[in-house]
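With CSV, C-alpha atoms inside, this is upload39.csv:
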chain,number,residue,atom,x,y,z
A,1,MET,CA,0.0,0.0,0.0
A,2,SER,CA,1.4,3.4,-1.0
A,3,LEU,CA,1.9,6.3,1.3
A,4,ILE,CA,-1.1,8.1,-0.3
A,5,GLU,CA,-3.3,5.0,0.1
A,6,GLN,CA,-2.3,4.6,3.8
A,7,ASP,CA,-3.1,8.2,4.5
A,8,ILE,CA,-6.5,8.0,2.9
A,9,THR,CA,-7.3,4.9,4.9
A,10,LYS,CA,-6.3,6.6,8.2
A,11,ARG,CA,-8.3,9.8,7.5
A,12,LYS,CA,-11.5,7.9,6.5
A,13,GLU,CA,-11.4,6.0,9.8
A,14,ARG,CA,-11.8,9.2,11.7
A,15,THR,CA,-15.4,10.5,12.1
A,16,HIS,CA,-16.5,14.0,11.4
A,17,GLU,CA,-19.8,14.0,13.2
A,18,ASP,CA,-22.2,16.5,11.6
A,19,TYR,CA,-19.7,17.8,9.1
A,20,ASN,CA,-20.0,15.0,6.6
A,21,LYS,CA,-22.3,17.1,4.5
A,22,LEU,CA,-19.3,19.3,3.8
A,23,ILE,CA,-17.4,16.5,2.1
A,24,GLY,CA,-16.9,17.3,-1.6
A,25,LYS,CA,-18.1,15.3,-4.5
A,26,PRO,CA,-15.5,13.5,-6.7
A,27,GLY,CA,-15.3,14.0,-10.5
A,28,TYR,CA,-12.2,15.9,-11.3
A,29,ILE,CA,-10.4,14.7,-14.5
A,30,ALA,CA,-6.7,15.5,-14.6
A,31,PRO,CA,-5.2,16.9,-17.9
A,32,ASP,CA,-2.2,14.5,-17.6
A,33,ASP,CA,-1.0,11.3,-15.9
A,34,HIS,CA,0.9,13.0,-13.1
A,35,LEU,CA,-1.0,16.1,-11.8
A,36,TRP,CA,-3.5,14.3,-9.6
A,37,GLN,CA,-1.0,12.1,-7.9
A,38,ASP,CA,1.5,14.9,-7.5
A,39,ILE,CA,-1.1,17.0,-5.7
A,40,LEU,CA,-2.1,14.1,-3.5
A,41,SER,CA,1.6,13.7,-2.5
A,42,ALA,CA,1.6,17.3,-1.2
A,43,VAL,CA,-1.7,16.8,0.6
A,44,VAL,CA,-0.3,13.7,2.4
A,45,LEU,CA,2.8,15.6,3.3
A,46,ARG,CA,0.6,18.3,4.9
A,47,LYS,CA,1.9,20.9,2.5
A,48,PRO,CA,-0.5,23.8,1.5
A,49,VAL,CA,-1.4,23.5,-2.1
A,50,LEU,CA,-1.9,26.4,-4.6
A,51,LEU,CA,-3.9,25.7,-7.7
A,52,LYS,CA,-3.0,28.2,-10.5
A,53,GLY,CA,-5.3,28.3,-13.6
A,54,PRO,CA,-7.9,30.2,-15.5
A,55,THR,CA,-11.5,30.4,-14.4
A,56,GLY,CA,-13.6,27.3,-15.2
A,57,ALA,CA,-10.6,25.0,-15.4
A,58,GLY,CA,-11.8,22.9,-12.5
A,59,LYS,CA,-9.8,24.1,-9.5
A,60,THR,CA,-12.8,24.0,-7.2
A,61,LYS,CA,-13.8,20.6,-8.5
A,62,LEU,CA,-10.3,19.4,-7.9
A,63,ALA,CA,-10.4,20.5,-4.3
A,64,GLU,CA,-13.8,18.8,-3.8
A,65,SER,CA,-12.4,15.6,-5.3
A,66,VAL,CA,-9.5,15.7,-2.8
A,67,SER,CA,-12.1,16.1,0.0
A,68,ALA,CA,-14.1,13.2,-1.4
A,69,LEU,CA,-11.1,10.9,-1.8
A,70,PHE,CA,-10.0,11.4,1.9
A,71,GLY,CA,-13.6,11.5,3.2
A,72,GLN,CA,-12.7,14.8,4.8
A,73,PRO,CA,-15.0,17.8,5.1
A,74,MET,CA,-13.9,21.1,3.5
A,75,GLN,CA,-14.4,24.6,4.9
A,76,SER,CA,-14.5,27.2,2.1
A,77,ILE,CA,-13.5,30.9,1.9
A,78,ASN,CA,-14.3,33.1,-1.1
A,79,CYS,CA,-11.9,35.9,-1.0
A,80,SER,CA,-12.7,39.5,-1.9
A,81,VAL,CA,-11.3,43.0,-1.0
A,82,ASP,CA,-13.9,43.0,1.9
A,83,LEU,CA,-12.5,39.8,3.5
A,84,ASP,CA,-11.4,40.5,7.1
A,85,ALA,CA,-10.1,38.6,10.1
A,86,GLU,CA,-13.6,37.9,11.3
A,87,ALA,CA,-14.6,36.2,8.1
A,88,LEU,CA,-11.5,33.9,8.5
A,89,LEU,CA,-11.4,33.2,12.2
A,90,GLY,CA,-14.9,34.0,13.6
A,91,PHE,CA,-16.5,36.7,15.7
A,92,LYS,CA,-17.8,37.4,19.2
A,93,THR,CA,-21.6,37.7,19.7
A,94,LEU,CA,-23.9,38.3,22.7
A,95,VAL,CA,-26.2,35.4,23.6
A,96,GLN,CA,-28.7,34.7,26.4
A,97,ARG,CA,-27.9,31.8,28.6
A,98,ASP,CA,-29.8,31.0,31.8
A,99,GLY,CA,-31.2,34.5,31.8
A,100,GLN,CA,-27.8,36.0,31.6
A,101,SER,CA,-26.1,37.9,28.7
A,102,VAL,CA,-23.0,36.0,27.7
A,103,ILE,CA,-20.3,36.8,25.1
A,104,GLU,CA,-19.6,33.8,22.9
A,105,PHE,CA,-17.1,33.3,20.1
A,106,VAL,CA,-18.5,31.8,16.9
A,107,GLU,CA,-15.7,30.0,15.1
A,108,GLY,CA,-15.0,30.7,11.5
A,109,PRO,CA,-13.8,28.4,8.7
A,110,VAL,CA,-10.1,28.6,9.6
A,111,VAL,CA,-10.5,27.8,13.3
A,112,THR,CA,-13.0,25.1,12.5
A,113,ALA,CA,-10.8,23.5,9.9
A,114,MET,CA,-7.7,23.6,12.2
A,115,LYS,CA,-9.5,22.1,15.2
A,116,LYS,CA,-11.7,19.5,13.4
A,117,GLY,CA,-9.1,18.3,10.9
A,118,HIS,CA,-10.9,19.6,7.8
A,119,PHE,CA,-9.6,20.9,4.5
A,120,LEU,CA,-9.6,24.7,4.2
A,121,TYR,CA,-10.3,25.8,0.6
A,122,ILE,CA,-9.4,29.4,-0.1
A,123,ASP,CA,-10.8,30.5,-3.5
A,124,GLU,CA,-9.4,33.5,-5.4
A,125,ILE,CA,-6.8,34.0,-2.7
A,126,ASN,CA,-5.1,36.9,-4.6
A,127,MET,CA,-8.3,39.0,-4.4
A,128,ALA,CA,-7.9,39.4,-0.6
A,129,LYS,CA,-6.1,42.5,0.7
A,130,ALA,CA,-2.5,41.9,1.3
A,131,GLU,CA,-2.8,42.9,5.0
A,132,THR,CA,-5.6,40.3,5.7
A,133,LEU,CA,-3.9,37.0,5.0
A,134,PRO,CA,-0.6,37.2,7.1
A,135,ILE,CA,-2.7,36.1,10.0
A,136,LEU,CA,-2.6,32.6,8.4
A,137,HIS,CA,1.2,32.4,8.1
A,138,SER,CA,1.9,30.4,11.2
A,139,ALA,CA,-0.9,28.0,10.3
A,140,LEU,CA,0.5,27.4,6.8
A,141,ASP,CA,4.1,26.8,7.6
A,142,HIS,CA,5.9,24.1,9.7
A,143,ARG,CA,4.4,25.5,12.9
A,144,ARG,CA,0.8,24.5,11.9
A,145,MET,CA,-0.6,26.7,14.7
A,146,MET,CA,-1.9,30.2,15.4
A,147,THR,CA,-3.1,32.4,18.2
A,148,ASN,CA,-6.6,33.6,17.8
A,149,PRO,CA,-6.4,37.4,18.3
A,150,PHE,CA,-10.1,37.6,19.3
A,151,THR,CA,-9.8,35.1,22.2
A,152,GLY,CA,-6.1,34.6,22.9
A,153,GLU,CA,-6.5,30.9,22.3
A,154,VAL,CA,-3.5,29.1,20.9
A,155,ILE,CA,-4.7,26.7,18.2
A,156,GLU,CA,-2.6,23.7,17.2
A,157,ALA,CA,-3.8,22.2,13.9
A,158,HIS,CA,-5.3,18.7,13.9
A,159,PRO,CA,-3.1,16.2,12.1
A,160,ASP,CA,-5.5,16.0,9.1
A,161,PHE,CA,-5.8,19.8,8.6
A,162,GLY,CA,-4.8,20.8,5.1
A,163,VAL,CA,-5.1,23.9,2.9
A,164,ILE,CA,-5.9,24.2,-0.8
A,165,SER,CA,-6.0,27.6,-2.4
A,166,ALA,CA,-6.9,28.7,-5.9
A,167,ILE,CA,-5.7,31.6,-7.9
A,168,ASN,CA,-6.4,33.3,-11.2
A,169,GLU,CA,-3.4,35.4,-12.1
A,170,GLY,CA,-3.8,38.7,-13.9
A,171,TYR,CA,-7.5,39.0,-13.5
A,172,ILE,CA,-9.3,42.3,-12.8
A,173,GLY,CA,-9.5,42.8,-9.0
A,174,THR,CA,-6.5,40.5,-8.3
A,175,ALA,CA,-3.0,41.5,-7.1
A,176,PRO,CA,0.3,39.6,-6.9
A,177,MET,CA,0.4,37.3,-3.9
A,178,ASN,CA,2.7,38.5,-1.0
A,179,GLU,CA,6.0,36.5,-1.4
A,180,ALA,CA,5.9,35.4,2.3
A,181,LEU,CA,2.5,33.9,1.7
A,182,LYS,CA,3.2,32.4,-1.7
A,183,ASN,CA,6.4,30.7,-0.4
A,184,ARG,CA,4.3,28.6,2.0
A,185,PHE,CA,2.5,26.8,-0.8
A,186,ILE,CA,3.4,24.1,-3.3
A,187,ALA,CA,2.0,25.5,-6.6
A,188,TYR,CA,0.4,23.4,-9.4
A,189,PRO,CA,-0.7,24.7,-12.8
A,190,ILE,CA,-4.3,23.7,-13.6
A,191,PRO,CA,-4.9,24.1,-17.4
A,192,TYR,CA,-8.1,23.6,-19.3
A,193,LEU,CA,-8.8,20.0,-20.4
A,194,THR,CA,-8.3,19.2,-24.0
A,195,GLY,CA,-8.7,16.2,-26.4
A,196,GLN,CA,-9.6,12.9,-24.9
A,197,GLN,CA,-10.0,14.2,-21.3
A,198,LEU,CA,-12.4,16.9,-22.5
A,199,ALA,CA,-14.5,14.3,-24.4
A,200,GLU,CA,-14.5,12.0,-21.3
A,201,LEU,CA,-15.9,14.9,-19.3
A,202,TRP,CA,-18.7,15.6,-21.7
A,203,ASP,CA,-19.6,11.9,-22.0
A,204,ARG,CA,-19.8,11.7,-18.2
A,205,GLU,CA,-21.8,14.8,-17.7
A,206,PHE,CA,-24.2,14.3,-20.7
A,207,PRO,CA,-24.4,10.6,-21.4
A,208,GLU,CA,-27.7,10.9,-23.2
A,209,ALA,CA,-26.9,14.1,-25.1
A,210,ASP,CA,-27.0,14.0,-28.9
A,211,GLY,CA,-23.7,13.2,-30.5
A,212,ASN,CA,-23.8,16.2,-32.8
A,213,LEU,CA,-24.3,18.5,-29.9
A,214,LYS,CA,-21.4,17.1,-28.0
A,215,ALA,CA,-19.2,17.3,-31.2
A,216,PHE,CA,-20.2,21.0,-31.6
A,217,MET,CA,-19.3,21.8,-28.0
A,218,LEU,CA,-16.0,19.9,-28.1
A,219,ASN,CA,-14.9,21.5,-31.4
A,220,LEU,CA,-15.9,24.9,-30.2
A,221,ALA,CA,-14.0,24.4,-26.9
A,222,GLU,CA,-10.8,23.4,-28.8
A,223,ASP,CA,-11.2,26.4,-31.1
A,224,LEU,CA,-11.8,28.8,-28.3
A,225,MET,CA,-8.6,27.6,-26.5
A,226,LYS,CA,-6.6,28.3,-29.6
A,227,GLN,CA,-8.0,31.8,-29.8
A,228,VAL,CA,-7.1,32.4,-26.2
A,229,THR,CA,-3.6,31.1,-26.8
A,230,ASN,CA,-3.3,33.5,-29.7
A,231,GLY,CA,-4.4,36.4,-27.6
A,232,LEU,CA,-7.6,37.0,-29.5
A,233,LEU,CA,-10.0,36.0,-26.7
A,234,SER,CA,-9.9,36.4,-22.9
A,235,GLU,CA,-9.6,33.2,-20.9
A,236,GLU,CA,-13.2,33.4,-19.7
A,237,ALA,CA,-14.4,32.8,-23.3
A,238,ALA,CA,-12.9,29.2,-23.0
A,239,SER,CA,-14.2,28.4,-19.5
A,240,ILE,CA,-15.0,24.7,-19.3
A,241,ARG,CA,-17.6,25.5,-16.7
A,242,SER,CA,-19.5,27.9,-19.0
A,243,LEU,CA,-19.3,25.4,-21.9
A,244,LEU,CA,-20.9,22.7,-19.7
A,245,ASP,CA,-23.6,25.2,-18.7
A,246,ALA,CA,-24.1,25.9,-22.4
A,247,THR,CA,-24.5,22.2,-23.2
A,248,ALA,CA,-27.1,21.8,-20.5
A,249,LEU,CA,-29.1,24.7,-22.0
A,250,ALA,CA,-28.6,23.3,-25.5
A,251,GLU,CA,-30.6,20.2,-24.6
A,252,TYR,CA,-33.6,22.5,-24.5
A,253,MET,CA,-32.9,25.2,-27.1
A,254,ASP,CA,-30.8,26.0,-30.2
A,255,PRO,CA,-27.1,25.5,-29.3
A,256,LEU,CA,-26.2,28.9,-30.7
A,257,ARG,CA,-28.5,30.6,-28.3
A,258,ALA,CA,-27.2,28.4,-25.5
A,259,VAL,CA,-23.6,29.5,-26.0
A,260,GLN,CA,-24.7,33.1,-26.5
A,261,TYR,CA,-26.4,33.1,-23.1
A,262,ALA,CA,-23.9,31.0,-21.2
A,263,ILE,CA,-20.7,32.6,-22.6
A,264,ALA,CA,-20.9,35.3,-25.2
A,265,GLU,CA,-23.1,37.7,-23.2
A,266,LYS,CA,-20.7,37.6,-20.3
A,267,LEU,CA,-17.8,38.9,-22.4
A,268,GLU,CA,-17.2,42.6,-21.8
A,269,ASP,CA,-15.6,43.4,-25.1
A,270,GLU,CA,-18.0,43.6,-28.0
A,271,SER,CA,-15.4,42.5,-30.5
A,272,GLU,CA,-14.8,39.4,-28.4
A,273,ARG,CA,-18.5,38.6,-28.4
A,274,ASP,CA,-18.6,39.0,-32.1
A,275,LEU,CA,-15.6,36.7,-32.6
A,276,PHE,CA,-17.0,34.1,-30.3
A,277,MET,CA,-20.3,34.0,-32.1
A,278,ASP,CA,-18.5,33.8,-35.5
A,279,LEU,CA,-16.6,30.8,-34.2
A,280,ALA,CA,-19.8,29.2,-32.9
A,281,HIS,CA,-21.6,29.6,-36.2
A,282,THR,CA,-18.6,28.1,-38.0
A,283,TRP,CA,-19.0,24.8,-36.0
A,284,LYS,CA,-22.8,24.8,-36.0
A,285,LYS,CA,-23.5,23.9,-39.6
Please re-express this file's structure in structure tokens.
Amino acid sequence: MSLIEQDITKRKERTHEDYNKLIGKPGYIAPDDHLWQDILSAVVLRKPVLLKGPTGAGKTKLAESVSALFGQPMQSINCSVDLDAEALLGFKTLVQRDGQSVIEFVEGPVVTAMKKGHFLYIDEINMAKAETLPILHSALDHRRMMTNPFTGEVIEAHPDFGVISAINEGYIGTAPMNEALKNRFIAYPIPYLTGQQLAELWDREFPEADGNLKAFMLNLAEDLMKQVTNGLLSEEAASIRSLLDATALAEYMDPLRAVQYAIAEKLEDESERDLFMDLAHTWKK
């Protein structure tokens, strides 16, 4: 039994009480033979994982699949410029107990994950303000602990505690990650699926769909990725998530309208929208 298999077995033997509903669903398809196993190696070694890739490439699905594999709940944080320490760690609130007003601390996702041995998934980590995330440094490095500034409690991470973060570089509203934060992660590139992996995904998600519809979507996906590589379209135009949404719509309407609603109308640049629809018309003959 490999080190990864041994670790999966040990983690699944531990119970998570009422948190089982937070265990992710499997389904991530890796773009090559090594990426999935390489990420699992970092997880087993308790190294924070950073997933780098365009929107809709499957970063969140990958994190959910890791959660499912280990049978381990996942606490999630969606970063924004408004993210603060309370959103990460929790907050104090006034409650009534036995006729008395008592101040209690409601634990946030970071504290819960550290104490319960859950995964912590930090989405769009480079959208948070630079001054917000240093509070996590000691939890992310070899110390695996932190002092809660709201309570003074010293929290030592459960042995199963793990961190997976996702990042879209160069997007509007994002900023370069602080080097001290970035150096605490093992970084993995998460590209869009292509070729056989892409066809496998469509066959799995739409087993009853018309073959011509799937061929249209797969051909369009490959063409869009080429245009993104050539700099003629933004990455969001080739989002696998959006193409899957379009396929679901196309089972109930004309595929050209489906891709317009699910993808084209979300593109800010009018010339990109026009190019996208031209490509769609090319494949929908």
- Got a sec: who's within 12 Å of His34 of chain A, counting all atoms listed in the file, leaving out chain neighbours fewer than 4 positions off, as number ranges by chain? A: 29-30, 38-41, 188-190
Restricting the output to C-alpha atoms, write the selected residues as an mmCIF file, in the frame of the given file.
data_model
loop_
_atom_site.group_PDB
_atom_site.id
_atom_site.type_symbol
_atom_site.label_atom_id
_atom_site.label_comp_id
_atom_site.auth_asym_id
_atom_site.auth_seq_id
_atom_site.Cartn_x
_atom_site.Cartn_y
_atom_site.Cartn_z
ATOM 1 C CA ILE A 29 -10.400 14.700 -14.500
ATOM 2 C CA ALA A 30 -6.700 15.500 -14.600
ATOM 3 C CA ASP A 38 1.500 14.900 -7.500
ATOM 4 C CA ILE A 39 -1.100 17.000 -5.700
ATOM 5 C CA LEU A 40 -2.100 14.100 -3.500
ATOM 6 C CA SER A 41 1.600 13.700 -2.500
ATOM 7 C CA TYR A 188 0.400 23.400 -9.400
ATOM 8 C CA PRO A 189 -0.700 24.700 -12.800
ATOM 9 C CA ILE A 190 -4.300 23.700 -13.600
#
- Task: Name the residues in contact with Leu279 of chain A at a cut-off of 10 Å, using all atoms listed in the file, excluding same-chain residues fewer than 4 positions from it; report them as a PyMOL selection string.
- Result: chain A and resi 219-220+223-224+227+273-275+283-284
Can you check which parts of segment 141-186 of chain A lie within 9 Å of segment 113-132 of chain A? Per residue, the shortest pair of atoms and distance in Å to one decimal, counting only C-alpha atoms, sorted by chain and number, as a tab-separated table.
residue	atom	partner	partner_atom	distance
A:Arg144	CA	A:Met114	CA	8.6
A:Met145	CA	A:Met114	CA	8.1
A:Ile155	CA	A:Lys115	CA	7.3
A:Glu156	CA	A:Met114	CA	7.1
A:Ala157	CA	A:Met114	CA	4.5
A:His158	CA	A:Gly117	CA	4.9
A:Pro159	CA	A:Gly117	CA	6.5
A:Asp160	CA	A:Gly117	CA	4.6
A:Phe161	CA	A:Gly117	CA	4.3
A:Gly162	CA	A:Phe119	CA	4.8
A:Val163	CA	A:Leu120	CA	4.8
A:Ile164	CA	A:Tyr121	CA	4.9
A:Ser165	CA	A:Ile122	CA	4.5
A:Ala166	CA	A:Asp123	CA	4.9
A:Ile167	CA	A:Glu124	CA	4.9
A:Asn168	CA	A:Glu124	CA	6.5
A:Glu169	CA	A:Asn126	CA	7.8
A:Gly173	CA	A:Met127	CA	6.1
A:Thr174	CA	A:Met127	CA	4.5
A:Ala175	CA	A:Asn126	CA	5.6
A:Pro176	CA	A:Asn126	CA	6.5
A:Met177	CA	A:Asn126	CA	5.6
A:Asn178	CA	A:Ala130	CA	6.6
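Counting only C-alpha atoms, Lys10 of chain A has the following residues at most 12 Å away, ignoring those fewer than 5 positions along the same chain: A:Leu3, A:Ile4, A:Glu5, A:Thr15, A:Val44, A:Leu69, A:Phe70, A:Gly71, A:Gln72, A:Pro159, A:Asp160.
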- Message: Let me make sure I understand: among A:Ala209, A:Met74, A:Leu232, A:Ala139, which one has the smallest atom-to-atom distance to Leu244 of chain A if we use only C-alpha atoms?
- Response: A:Ala209
- Task: With a distance cut-off of 12 Å and all atoms listed in the file, select the neighbouring residues of Pro54 of chain A, excluding the residue or stretch itself and same-chain residues fewer than 3 positions from it, and output the selection as a list in words.
- Result: Leu51, Ala57, Gly58, Lys59, Thr60, Glu124, Ala166, Ile167, Asn168, Glu169, Gly170, Tyr171, Pro189, Ile190, Pro191, Tyr192, Leu193, Met225, Val228, Ser234, Glu235, Glu236, Ala237, Ala238, Ser239, Ile240 and Arg241 of chain A
- Query: Taking (-22.8, 26.3, -22.2) in the file's coordinates, which residues come within 7 Å, counting only C-alpha atoms, written as a list in words?
  - Reply: Ser242, Leu243, Leu244, Asp245, Ala246, Thr247, Ala248, Leu249, Ala258, Val259, Ala262 and Ile263 of chain A
